[in-house]
file protein07.json (JSON, C-alpha atoms and all ligand atoms)
[["chain", "number", "residue", "atom", "x", "y", "z"],
["A", 965, "MET", "CA", 66.40, 80.91, 78.81],
["A", 966, "LYS", "CA", 68.01, 77.79, 77.32],
["A", 967, "LYS", "CA", 70.29, 75.98, 79.76],
["A", 968, "ILE", "CA", 73.61, 74.42, 78.88],
["A", 969, "LYS", "CA", 76.00, 72.40, 81.02],
["A", 970, "PHE", "CA", 79.57, 73.60, 80.55],
["A", 971, "ILE", "CA", 82.08, 70.92, 81.60],
["A", 972, "TYR", "CA", 85.66, 72.18, 81.42],
["A", 973, "ASN", "CA", 89.02, 70.62, 82.17],
["A", 974, "PRO", "CA", 91.51, 73.21, 83.53],
["A", 975, "PHE", "CA", 94.34, 70.64, 83.13],
["A", 976, "SER", "CA", 93.87, 70.15, 79.37],
["A", 977, "GLY", "CA", 96.48, 71.64, 77.07],
["A", 978, "ASP", "CA", 98.09, 74.57, 78.87],
["A", 979, "GLY", "CA", 94.98, 75.46, 80.89],
["A", 980, "VAL", "CA", 93.83, 77.90, 78.21],
["A", 981, "VAL", "CA", 90.14, 77.48, 78.99],
["A", 982, "THR", "CA", 90.49, 79.07, 82.44],
["A", 983, "LYS", "CA", 91.76, 82.29, 80.85],
["A", 984, "ASN", "CA", 88.78, 82.42, 78.47],
["A", 985, "LEU", "CA", 85.81, 81.82, 80.76],
["A", 986, "ASP", "CA", 84.51, 85.38, 80.31],
["A", 987, "THR", "CA", 84.65, 85.06, 76.50],
["A", 988, "ILE", "CA", 82.69, 81.80, 76.61],
["A", 989, "ILE", "CA", 80.04, 83.04, 79.06],
["A", 990, "SER", "CA", 79.52, 86.38, 77.30],
["A", 991, "LYS", "CA", 79.14, 84.76, 73.86],
["A", 992, "TYR", "CA", 76.63, 82.22, 75.16],
["A", 993, "GLN", "CA", 74.72, 84.79, 77.22],
["A", 994, "ALA", "CA", 74.42, 87.08, 74.20],
["A", 995, "LYS", "CA", 72.62, 84.24, 72.39],
["A", 996, "GLY", "CA", 70.17, 83.73, 75.27],
["A", 997, "TYR", "CA", 71.75, 80.76, 77.03],
["A", 998, "THR", "CA", 72.31, 80.23, 80.77],
["A", 999, "ILE", "CA", 75.59, 78.44, 81.47],
["A", 1000, "ILE", "CA", 75.80, 75.98, 84.36],
["A", 1001, "PRO", "CA", 79.49, 75.16, 84.81],
["A", 1002, "PHE", "CA", 81.31, 72.11, 86.17],
["A", 1003, "ARG", "CA", 85.09, 72.25, 86.68],
["A", 1004, "ILE", "CA", 86.85, 68.89, 86.33],
["A", 1005, "SER", "CA", 89.11, 68.21, 89.30],
["A", 1006, "THR", "CA", 90.68, 65.28, 91.09],
["A", 1007, "GLU", "CA", 88.55, 66.00, 94.18],
["A", 1008, "GLN", "CA", 85.19, 65.80, 92.47],
["A", 1009, "ASN", "CA", 84.14, 62.92, 90.25],
["A", 1010, "LEU", "CA", 82.95, 63.97, 86.79],
["A", 1011, "GLU", "CA", 80.02, 61.57, 87.21],
["A", 1012, "GLU", "CA", 78.56, 63.81, 89.95],
["A", 1013, "THR", "CA", 77.61, 66.54, 87.50],
["A", 1014, "PHE", "CA", 75.61, 64.09, 85.39],
["A", 1015, "SER", "CA", 73.03, 63.54, 88.16],
["A", 1016, "ASP", "CA", 71.84, 67.06, 87.38],
["A", 1017, "ILE", "CA", 71.78, 66.89, 83.54],
["A", 1018, "ASP", "CA", 68.53, 65.91, 81.82],
["A", 1019, "SER", "CA", 66.67, 66.68, 78.60],
["A", 1020, "SER", "CA", 65.83, 70.19, 79.89],
["A", 1021, "TYR", "CA", 69.41, 71.11, 78.91],
["A", 1022, "HIS", "CA", 69.85, 72.31, 75.33],
["A", 1023, "HIS", "CA", 73.35, 70.78, 75.07],
["A", 1024, "ILE", "CA", 76.57, 69.96, 76.89],
["A", 1025, "LEU", "CA", 79.58, 72.14, 76.08],
["A", 1026, "GLY", "CA", 82.72, 70.08, 76.73],
["A", 1027, "ALA", "CA", 86.06, 71.91, 76.93],
["A", 1028, "GLY", "CA", 89.06, 69.60, 77.00],
["A", 1029, "GLY", "CA", 91.22, 67.31, 74.93],
["A", 1030, "ASP", "CA", 90.17, 64.03, 73.31],
["A", 1031, "GLY", "CA", 90.42, 62.22, 76.66],
["A", 1032, "THR", "CA", 88.02, 64.60, 78.39],
["A", 1033, "ILE", "CA", 85.53, 64.41, 75.52],
["A", 1034, "ASN", "CA", 85.75, 60.60, 75.66],
["A", 1035, "GLN", "CA", 84.85, 60.61, 79.38],
["A", 1036, "ILE", "CA", 81.90, 62.94, 78.77],
["A", 1037, "ILE", "CA", 80.57, 60.76, 75.95],
["A", 1038, "ASN", "CA", 80.85, 57.58, 78.01],
["A", 1039, "LEU", "CA", 78.92, 59.18, 80.88],
["A", 1040, "MET", "CA", 76.29, 60.52, 78.46],
["A", 1041, "LYS", "CA", 75.76, 57.00, 77.12],
["A", 1042, "GLU", "CA", 75.77, 55.44, 80.60],
["A", 1043, "LYS", "CA", 73.05, 57.89, 81.69],
["A", 1044, "ASN", "CA", 71.10, 57.54, 78.41],
["A", 1045, "LEU", "CA", 71.41, 61.28, 77.79],
["A", 1046, "ASP", "CA", 70.39, 62.04, 74.22],
["A", 1047, "ILE", "CA", 71.16, 65.78, 74.16],
["A", 1048, "PRO", "CA", 73.78, 67.22, 71.75],
["A", 1049, "LEU", "CA", 77.43, 67.78, 72.62],
["A", 1050, "ALA", "CA", 79.56, 70.74, 71.49],
["A", 1051, "ILE", "CA", 83.34, 70.66, 71.79],
["A", 1052, "LEU", "CA", 85.80, 73.42, 72.67],
["A", 1053, "PRO", "CA", 89.22, 72.03, 71.67],
["A", 1054, "VAL", "CA", 91.48, 73.06, 74.54],
["A", 1055, "GLY", "CA", 93.60, 69.89, 74.84],
["A", 1056, "THR", "CA", 96.96, 68.90, 73.36],
["A", 1057, "ALA", "CA", 96.01, 67.06, 70.15],
["A", 1058, "ASN", "CA", 92.21, 67.65, 69.91],
["A", 1059, "ASP", "CA", 92.11, 65.14, 67.05],
["A", 1060, "PHE", "CA", 88.35, 64.78, 66.80],
["A", 1061, "ALA", "CA", 87.50, 68.47, 67.26],
["A", 1062, "LYS", "CA", 89.98, 69.39, 64.51],
["A", 1063, "TYR", "CA", 88.43, 66.82, 62.18],
["A", 1064, "ILE", "CA", 85.01, 68.49, 62.49],
["A", 1065, "GLY", "CA", 86.66, 71.86, 61.85],
["A", 1066, "MET", "CA", 86.55, 73.42, 65.31],
["A", 1067, "PRO", "CA", 88.88, 76.45, 65.35],
["A", 1068, "ALA", "CA", 91.68, 76.53, 67.95],
["A", 1069, "ASP", "CA", 90.70, 80.05, 69.02],
["A", 1070, "ILE", "CA", 88.09, 79.73, 71.80],
["A", 1071, "GLY", "CA", 86.05, 82.78, 70.74],
["A", 1072, "GLU", "CA", 85.89, 81.54, 67.13],
["A", 1073, "ALA", "CA", 85.01, 78.03, 68.31],
["A", 1074, "CYS", "CA", 82.10, 79.47, 70.37],
["A", 1075, "ASN", "CA", 80.90, 81.41, 67.29],
["A", 1076, "LYS", "CA", 81.00, 78.22, 65.22],
["A", 1077, "ILE", "CA", 78.98, 76.29, 67.83],
["A", 1078, "LEU", "CA", 76.45, 79.08, 68.34],
["A", 1079, "SER", "CA", 75.79, 79.32, 64.60],
["A", 1080, "GLY", "CA", 76.18, 75.57, 64.02],
["A", 1081, "GLU", "CA", 73.75, 72.76, 63.32],
["A", 1082, "ILE", "CA", 72.98, 69.65, 65.36],
["A", 1083, "ARG", "CA", 74.32, 66.71, 63.32],
["A", 1084, "GLU", "CA", 74.13, 63.00, 64.02],
["A", 1085, "ILE", "CA", 77.44, 61.17, 63.79],
["A", 1086, "ASP", "CA", 78.69, 57.59, 64.21],
["A", 1087, "LEU", "CA", 80.20, 56.45, 67.46],
["A", 1088, "GLY", "CA", 82.56, 53.52, 67.97],
["A", 1089, "LYS", "CA", 82.06, 50.99, 70.75],
["A", 1090, "ALA", "CA", 84.83, 48.75, 72.11],
["A", 1091, "ASN", "CA", 83.27, 46.18, 74.50],
["A", 1092, "ASP", "CA", 81.39, 48.47, 76.91],
["A", 1093, "LYS", "CA", 83.36, 51.69, 76.19],
["A", 1094, "TYR", "CA", 82.53, 54.25, 73.52],
["A", 1095, "PHE", "CA", 85.06, 56.11, 71.38],
["A", 1096, "ILE", "CA", 84.56, 59.10, 69.14],
["A", 1097, "ASN", "CA", 87.91, 59.13, 67.37],
["A", 1098, "VAL", "CA", 90.07, 56.00, 67.56],
["A", 1099, "PHE", "CA", 90.54, 52.60, 69.19],
["A", 1100, "SER", "CA", 94.12, 51.32, 68.97],
["A", 1101, "PHE", "CA", 96.86, 49.13, 70.38],
["A", 1102, "GLY", "CA", 100.51, 48.44, 69.60],
["A", 1103, "LEU", "CA", 103.46, 50.71, 68.85],
["A", 1104, "PHE", "CA", 102.93, 54.47, 69.53],
["A", 1105, "THR", "CA", 99.25, 54.03, 70.39],
["A", 1106, "ASP", "CA", 99.34, 54.63, 74.15],
["A", 1107, "ILE", "CA", 101.67, 57.65, 74.01],
["A", 1108, "SER", "CA", 98.95, 60.02, 75.20],
["A", 1109, "GLN", "CA", 98.38, 57.78, 78.26],
["A", 1110, "LYS", "CA", 102.12, 57.60, 78.98],
["A", 1111, "THR", "CA", 102.99, 61.30, 78.45],
["A", 1112, "PRO", "CA", 102.91, 63.20, 81.78],
["A", 1113, "THR", "CA", 100.46, 66.13, 81.93],
["A", 1114, "HIS", "CA", 103.26, 68.65, 82.70],
["A", 1115, "GLN", "CA", 105.07, 67.60, 79.46],
["A", 1116, "LYS", "CA", 101.88, 67.99, 77.41],
["A", 1117, "ASN", "CA", 101.34, 71.43, 78.94],
["A", 1118, "THR", "CA", 104.87, 72.67, 78.31],
["A", 1119, "LEU", "CA", 105.71, 70.97, 74.99],
["A", 1120, "GLY", "CA", 102.25, 70.46, 73.48],
["A", 1121, "LYS", "CA", 102.12, 67.90, 70.64],
["A", 1122, "LEU", "CA", 105.93, 67.76, 70.53],
["A", 1123, "ALA", "CA", 105.73, 65.79, 73.80],
["A", 1124, "TYR", "CA", 103.83, 63.04, 71.92],
["A", 1125, "TYR", "CA", 106.41, 62.90, 69.11],
["A", 1126, "ILE", "CA", 109.39, 62.82, 71.54],
["A", 1127, "ASN", "CA", 107.83, 59.98, 73.52],
["A", 1128, "GLY", "CA", 106.97, 58.22, 70.24],
["A", 1129, "ILE", "CA", 110.60, 58.25, 69.11],
["A", 1130, "LYS", "CA", 111.61, 56.75, 72.48],
["A", 1131, "GLU", "CA", 109.39, 53.72, 71.68],
["A", 1132, "LEU", "CA", 111.06, 52.97, 68.33],
["A", 1133, "PRO", "CA", 113.81, 50.65, 69.66],
["A", 1134, "SER", "CA", 111.14, 48.38, 71.15],
["A", 1135, "LEU", "CA", 109.38, 47.38, 67.92],
["A", 1136, "LYS", "CA", 107.21, 44.52, 69.12],
["A", 1137, "LYS", "CA", 104.96, 42.52, 66.84],
["A", 1138, "LEU", "CA", 101.73, 41.09, 68.23],
["A", 1139, "ASP", "CA", 99.85, 37.98, 67.11],
["A", 1140, "ILE", "CA", 96.34, 39.10, 66.33],
["A", 1141, "LYS", "CA", 93.13, 37.67, 64.91],
["A", 1142, "VAL", "CA", 90.40, 39.82, 63.38],
["A", 1143, "THR", "CA", 87.03, 38.37, 62.43],
["A", 1144, "SER", "CA", 84.32, 40.30, 60.62],
["A", 1145, "ASP", "CA", 81.80, 39.77, 57.83],
["A", 1146, "GLU", "CA", 83.85, 42.03, 55.55],
["A", 1147, "PHE", "CA", 87.37, 40.77, 56.22],
["A", 1148, "SER", "CA", 89.33, 38.36, 58.39],
["A", 1149, "TYR", "CA", 93.01, 38.39, 59.26],
["A", 1150, "GLU", "CA", 95.26, 36.23, 61.39],
["A", 1151, "GLY", "CA", 98.92, 37.21, 61.70],
["A", 1152, "ASN", "CA", 101.34, 39.90, 62.81],
["A", 1153, "ALA", "CA", 100.50, 43.44, 63.80],
["A", 1154, "LEU", "CA", 102.84, 46.17, 64.87],
["A", 1155, "ILE", "CA", 100.04, 48.75, 65.14],
["A", 1156, "PHE", "CA", 96.27, 48.27, 65.07],
["A", 1157, "PHE", "CA", 93.88, 51.20, 64.59],
["A", 1158, "THR", "CA", 90.12, 51.49, 64.25],
["A", 1159, "PHE", "CA", 89.12, 55.01, 63.28],
["A", 1160, "ASN", "CA", 85.85, 56.87, 63.41],
["A", 1161, "GLY", "CA", 87.71, 60.16, 62.91],
["A", 1162, "ARG", "CA", 90.85, 60.54, 60.81],
["A", 1163, "THR", "CA", 93.87, 61.56, 62.87],
["A", 1164, "ALA", "CA", 95.89, 60.41, 65.86],
["A", 1165, "GLY", "CA", 98.44, 62.81, 67.33],
["A", 1166, "ASN", "CA", 97.31, 65.10, 64.46],
["A", 1167, "ILE", "CA", 98.77, 62.66, 61.88],
["A", 1168, "ASN", "CA", 96.27, 61.99, 59.11],
["A", 1169, "ILE", "CA", 96.37, 58.20, 59.26],
["A", 1170, "SER", "CA", 92.82, 57.37, 58.20],
["A", 1171, "TYR", "CA", 92.13, 59.94, 55.51],
["A", 1172, "LYS", "CA", 89.36, 57.79, 53.98],
["A", 1173, "SER", "CA", 87.20, 57.76, 57.14],
["A", 1174, "GLU", "CA", 83.78, 59.37, 57.32],
["A", 1175, "ILE", "CA", 81.85, 59.97, 60.56],
["A", 1176, "ASN", "CA", 78.45, 59.40, 59.01],
["A", 1177, "ASP", "CA", 78.84, 56.27, 56.88],
["A", 1178, "GLY", "CA", 77.94, 53.74, 59.59],
["A", 1179, "LEU", "CA", 81.41, 52.20, 59.21],
["A", 1180, "LEU", "CA", 84.74, 52.27, 61.02],
["A", 1181, "ASP", "CA", 88.10, 52.15, 59.21],
["A", 1182, "VAL", "CA", 90.47, 49.41, 60.35],
["A", 1183, "ILE", "CA", 94.17, 49.98, 59.60],
["A", 1184, "ILE", "CA", 96.73, 47.31, 60.53],
["A", 1185, "VAL", "CA", 100.47, 47.90, 60.13],
["A", 1186, "LYS", "CA", 101.73, 44.32, 59.85],
["A", 1187, "GLY", "CA", 105.42, 45.01, 60.47],
["A", 1188, "GLU", "CA", 106.55, 42.04, 58.33],
["A", 1189, "ASN", "CA", 110.15, 43.26, 58.44],
["A", 1190, "ILE", "CA", 112.01, 46.41, 59.48],
["A", 1191, "LEU", "CA", 112.45, 47.69, 55.91],
["A", 1192, "SER", "CA", 108.81, 47.34, 54.85],
["A", 1193, "THR", "CA", 107.70, 48.87, 58.17],
["A", 1194, "PHE", "CA", 109.86, 51.95, 57.70],
["A", 1195, "LEU", "CA", 108.70, 52.31, 54.08],
["A", 1196, "SER", "CA", 105.08, 52.13, 55.24],
["A", 1197, "LEU", "CA", 105.62, 54.63, 58.04],
["A", 1198, "PHE", "CA", 107.32, 56.93, 55.51],
["A", 1199, "GLU", "CA", 104.27, 56.64, 53.21],
["A", 1200, "PHE", "CA", 102.12, 57.74, 56.19],
["A", 1201, "LEU", "CA", 103.86, 61.11, 55.99],
["A", 1202, "LYS", "CA", 103.02, 61.43, 52.26],
["A", 1203, "LEU", "CA", 99.42, 60.27, 52.80],
["A", 1204, "GLU", "CA", 99.89, 57.44, 50.31],
["A", 1205, "HIS", "CA", 99.83, 54.47, 52.66],
["A", 1206, "LEU", "CA", 96.22, 53.56, 51.86],
["A", 1207, "GLU", "CA", 96.59, 53.87, 48.07],
["A", 1208, "GLU", "CA", 98.52, 50.68, 47.29],
["A", 1209, "PRO", "CA", 99.12, 49.30, 50.75],
["A", 1210, "LYS", "CA", 102.00, 46.84, 51.03],
["A", 1211, "ASP", "CA", 102.69, 46.21, 54.69],
["A", 1212, "ILE", "CA", 99.28, 47.67, 55.62],
["A", 1213, "ILE", "CA", 95.77, 46.23, 55.68],
["A", 1214, "HIS", "CA", 92.84, 48.64, 55.36],
["A", 1215, "PHE", "CA", 89.15, 47.77, 55.39],
["A", 1216, "LYS", "CA", 85.86, 49.25, 56.56],
["A", 1217, "SER", "CA", 83.56, 47.38, 58.92],
["A", 1218, "SER", "CA", 80.59, 48.01, 61.19],
["A", 1219, "ASP", "CA", 81.16, 45.03, 63.49],
["A", 1220, "PHE", "CA", 84.15, 42.82, 64.24],
["A", 1221, "VAL", "CA", 86.12, 41.07, 66.97],
["A", 1222, "VAL", "CA", 89.86, 41.52, 67.47],
["A", 1223, "LYS", "CA", 91.96, 39.27, 69.70],
["A", 1224, "TYR", "CA", 95.60, 39.62, 70.63],
["A", 1225, "LEU", "CA", 97.70, 37.20, 72.64],
["A", 1226, "ASP", "CA", 99.44, 39.58, 75.07],
["A", 1227, "SER", "CA", 96.96, 39.59, 77.97],
["A", 1228, "SER", "CA", 98.79, 42.39, 79.84],
["A", 1229, "LEU", "CA", 98.50, 44.84, 76.92],
["A", 1230, "ASN", "CA", 96.05, 47.73, 77.27],
["A", 1231, "SER", "CA", 94.31, 49.16, 74.27],
["A", 1232, "ASP", "CA", 93.68, 52.89, 73.91],
["A", 1233, "ILE", "CA", 90.44, 54.71, 73.20],
["A", 1234, "ASP", "CA", 90.75, 58.43, 72.41],
["A", 1235, "GLY", "CA", 93.91, 58.69, 74.56],
["A", 1236, "GLU", "CA", 92.37, 56.89, 77.55],
["A", 1237, "VAL", "CA", 92.93, 53.30, 78.73],
["A", 1238, "GLY", "CA", 90.76, 50.94, 76.68],
["A", 1239, "PRO", "CA", 89.62, 47.33, 77.16],
["A", 1240, "LYS", "CA", 91.88, 44.26, 77.00],
["A", 1241, "SER", "CA", 91.59, 41.43, 74.43],
["A", 1242, "PRO", "CA", 89.22, 40.11, 73.15],
["A", 1243, "VAL", "CA", 87.55, 43.31, 71.98],
["A", 1244, "HIS", "CA", 84.20, 43.44, 70.18],
["A", 1245, "ILE", "CA", 84.10, 46.63, 68.12],
["A", 1246, "SER", "CA", 80.96, 48.03, 66.58],
["A", 1247, "CYS", "CA", 79.87, 51.22, 64.89],
["A", 1248, "ILE", "CA", 76.76, 52.86, 66.34],
["A", 1249, "LYS", "CA", 75.27, 54.71, 63.38],
["A", 1250, "ASN", "CA", 73.93, 58.13, 64.43],
["A", 1251, "GLY", "CA", 75.08, 57.30, 67.97],
["A", 1252, "LEU", "CA", 75.75, 60.90, 69.01],
["A", 1253, "LYS", "CA", 74.50, 64.40, 68.26],
["A", 1254, "ILE", "CA", 77.28, 66.96, 67.81],
["A", 1255, "ILE", "CA", 76.92, 70.72, 67.18],
["A", 1256, "TYR", "CA", 79.27, 72.16, 64.54],
["B", 1, "LIG", "N1", 88.03, 63.32, 85.35],
["B", 1, "LIG", "C1", 89.22, 63.87, 85.58],
["B", 1, "LIG", "N2", 89.58, 64.28, 86.82],
["B", 1, "LIG", "C2", 90.78, 64.84, 87.04],
["B", 1, "LIG", "N3", 91.72, 65.05, 86.08],
["B", 1, "LIG", "C3", 91.43, 64.67, 84.85],
["B", 1, "LIG", "C4", 90.18, 64.06, 84.52],
["B", 1, "LIG", "N4", 90.18, 63.80, 83.21],
["B", 1, "LIG", "C5", 91.37, 64.20, 82.72],
["B", 1, "LIG", "N5", 92.13, 64.72, 83.70],
["B", 1, "LIG", "C6", 93.49, 65.28, 83.56],
["B", 1, "LIG", "O1", 93.43, 66.20, 82.51],
["B", 1, "LIG", "C7", 94.57, 66.05, 81.65],
["B", 1, "LIG", "C8", 94.21, 66.51, 80.26],
["B", 1, "LIG", "O2", 93.36, 65.58, 79.60],
["B", 1, "LIG", "P1", 92.73, 65.80, 78.15],
["B", 1, "LIG", "O3", 92.63, 64.49, 77.46],
["B", 1, "LIG", "O4", 91.51, 66.61, 78.23],
["B", 1, "LIG", "O5", 93.75, 66.73, 77.41],
["B", 1, "LIG", "P2", 95.11, 66.46, 76.71],
["B", 1, "LIG", "O6", 95.64, 65.10, 77.09],
["B", 1, "LIG", "O7", 95.93, 67.67, 76.99],
["B", 1, "LIG", "O8", 94.70, 66.53, 75.17],
["B", 1, "LIG", "P3", 94.50, 65.38, 74.00],
["B", 1, "LIG", "O9", 93.82, 64.20, 74.66],
["B", 1, "LIG", "O10", 93.61, 66.06, 73.00],
["B", 1, "LIG", "O11", 95.87, 65.11, 73.46],
["B", 1, "LIG", "C9", 94.93, 64.57, 81.77],
["B", 1, "LIG", "O12", 96.30, 64.37, 81.55],
["B", 1, "LIG", "C10", 94.52, 64.22, 83.19],
["B", 1, "LIG", "O13", 95.64, 64.37, 84.06]]

call {"tool": "encode", "arguments": {"input": "protein07.json", "output": "structure tokens"}}
result
Amino acid sequence: MKKIKFIYNPFSGDGVVTKNLDTIISKYQAKGYTIIPFRISTEQNLEETFSDIDSSYHHILGAGGDGTINQIINLMKEKNLDIPLAILPVGTANDFAKYIGMPADIGEACNKILSGEIREIDLGKANDKYFINVFSFGLFTDISQKTPTHQKNTLGKLAYYINGIKELPSLKKLDIKVTSDEFSYEGNALIFFTFNGRTAGNINISYKSEINDGLLDVIIVKGENILSTFLSLFEFLKLEHLEEPKDIIHFKSSDFVVKYLDSSLNSDIDGEVGPKSPVHISCIKNGLKIIY
């Protein structure tokens, strides 16, 4: 029988995965797999389960939100584990899983994985941390970090939008410097994104991104003045902000360095705390195998 490691986070989203364990196990068992589960908890470090995973496992099935998937990927890379990952989207936003078309229904998501293909995709790297979806800093970008778990579980994505609106009065521009072979920029930034995927908080910000082009999409909202910022943010909603960008810079790059002056500011990678400035970002082409 083929073995899989099933790592699930019972705190993601509204804990939906715990009510669907029988569905997951029966679907996998019917296809000839043995499931070896690990439940994420505050008492037991996620790293512990990785001492047992090796290439004898067919794949890892990760059930959680973007943050959980980010932790799994970072441990896979740390342990040099080159087996595929499949994702059950049971978190609040599930930005990356939605981008690759994983259905919200757990049974349907299992069907998609069990009939899916192993595909190589790009992975982003920010200093020594990997990201699958987005690296960011500035306005709105650390909302997932700041939103309490109980709010995510009761309000879902709405919790992100409510906490986002609360940040609006504190529009704060940062001095940044970006250096790459493709493009360089020195000036203001209200929001800085580097996307491998396309969405953050389910908003389709980087609709020109591809996960298999060996490139990451950098989007900088300059925030020159209040009016141009609001016009740009309004264009985000119409998905026109990358067409004739005014207050926005957009370019693709595989390797660059970004510096910002505020040394206390944390960046964000996939909803988790990211590295501080300066940050060397690179795209690892075919850096991860995903089943979908
Ligand atoms: N290793 C861990 N040990 C204990 N608790 C964890 C661990 N990782 C995450 N959590 C908890 O699980 C919660 C859910 O995280 P996760 O990122 O999976 O889902 P989410 O935040 O609901 O979804 P999304 O990131 O897609 O918006 C976190 O708020 C955190 O409190």

call {"tool": "closest_atom_pairs", "arguments": {"input": "protein07.json", "of": "stretch 1074-1163 of chain A", "to": "stretch 1234-1239 of chain A", "cutoff": "10 Å", "atoms": "all atoms listed in the file", "output": "CSV"}}
result
residue,atom,partner,partner_atom,distance
A:Ala1090,CA,A:Pro1239,CA,7.1
A:Asn1091,CA,A:Pro1239,CA,7.0
A:Asp1092,CA,A:Pro1239,CA,8.3
A:Lys1093,CA,A:Gly1238,CA,7.5
A:Tyr1094,CA,A:Asp1234,CA,9.3
A:Phe1095,CA,A:Asp1234,CA,6.2
A:Ile1096,CA,A:Asp1234,CA,7.0
A:Asn1097,CA,A:Asp1234,CA,5.8
A:Val1098,CA,A:Asp1234,CA,5.5
A:Phe1099,CA,A:Asp1234,CA,6.7
A:Ser1100,CA,A:Gly1238,CA,8.4
A:Phe1101,CA,A:Gly1238,CA,9.0
A:Thr1105,CA,A:Gly1235,CA,8.2
A:Asp1106,CA,A:Gly1235,CA,6.8
A:Ile1107,CA,A:Gly1235,CA,7.8
A:Ser1108,CA,A:Gly1235,CA,5.3
A:Gln1109,CA,A:Gly1235,CA,5.9
A:Lys1110,CA,A:Gly1235,CA,9.4
A:Phe1159,CA,A:Asp1234,CA,9.9

call {"tool": "atom_distance", "arguments": {"input": "protein07.json", "atom1": "atom CA of A:Asn1230", "atom2": "atom CA of A:His1244"}}
result
14.5 Å

call {"tool": "residues_near_ligand", "arguments": {"input": "protein07.json", "ligand": "ligand LIG 1 (chain B)", "cutoff": "7 Å", "atoms": "all atoms listed in the file", "output": "list in words"}}
result
Asn973, Phe975, Ser976, Gly977, Ile1004, Ser1005, Thr1006, Asn1009, Leu1010, Gly1028, Gly1029, Asp1030, Gly1031, Thr1032, Ile1033, Gly1055, Thr1056, Ala1057, Asn1058, Asp1059, Ser1108, Pro1112, Thr1113, Lys1116, Asn1117, Asp1234 and Gly1235 of chain A

call {"tool": "residues_around", "arguments": {"input": "protein07.json", "residues": "stretch 1137-1146 of chain A", "least_positions_apart": "5", "cutoff": "9 Å", "atoms": "only C-alpha atoms", "output": "VMD selection string"}}
result
chain A and resid 1102 to 1103 1151 to 1155 1186 to 1188 1215 to 1226

call {"tool": "closest_residue", "arguments": {"input": "protein07.json", "among": "A:Lys1041, A:Ser1173, A:Tyr992, A:Asn984", "to": "A:Ser1079", "atoms": "all atoms listed in the file"}}
result
A:Tyr992

call {"tool": "residues_around", "arguments": {"input": "protein07.json", "residues": "A:Lys1253", "least_positions_apart": "4", "cutoff": "9 Å", "atoms": "only C-alpha atoms", "output": "MDAnalysis selection string"}}
result
chainID A and resid 1046:1050 1082:1086

call {"tool": "closest_residue", "arguments": {"input": "protein07.json", "among": "A:Gln1008, A:Phe970, A:Arg1003, A:Gly1088", "to": "A:Ile1175", "atoms": "all atoms listed in the file"}}
result
A:Gly1088

call {"tool": "residues_around", "arguments": {"input": "protein07.json", "residues": "A:Gly1065", "least_positions_apart": "6", "cutoff": "10 Å", "atoms": "only C-alpha atoms", "output": "list in words"}}
result
Ala1073, Lys1076 and Tyr1256 of chain A

call {"tool": "closest_residue", "arguments": {"input": "protein07.json", "among": "A:Gly1120, A:Ile1037, A:Lys1062, A:Ile1070", "to": "A:Asp978", "atoms": "all atoms listed in the file"}}
result
A:Gly1120

call {"tool": "decode", "arguments": {"input": "protein07.json", "residues": "stretch 1060-1071 of chain A", "atoms": "C-alpha atoms", "output": "short mmCIF file (atom, residue, chain, number, x, y, z; two decimals), in the first residue's frame"}}
result
data_model
loop_
_atom_site.label_atom_id
_atom_site.label_comp_id
_atom_site.auth_asym_id
_atom_site.auth_seq_id
_atom_site.Cartn_x
_atom_site.Cartn_y
_atom_site.Cartn_z
CA PHE A 1060 -3.08 29.43 -3.25
CA ALA A 1061 -5.34 26.36 -3.19
CA LYS A 1062 -8.10 28.34 -4.91
CA TYR A 1063 -5.66 29.51 -7.59
CA ILE A 1064 -4.86 25.90 -8.53
CA GLY A 1065 -8.59 25.15 -8.61
CA MET A 1066 -9.02 23.10 -5.44
CA PRO A 1067 -12.75 22.86 -4.65
CA ALA A 1068 -13.93 24.10 -1.23
CA ASP A 1069 -15.86 20.86 -0.63
CA ILE A 1070 -13.48 18.40 1.06
CA GLY A 1071 -14.85 15.30 -0.70
#
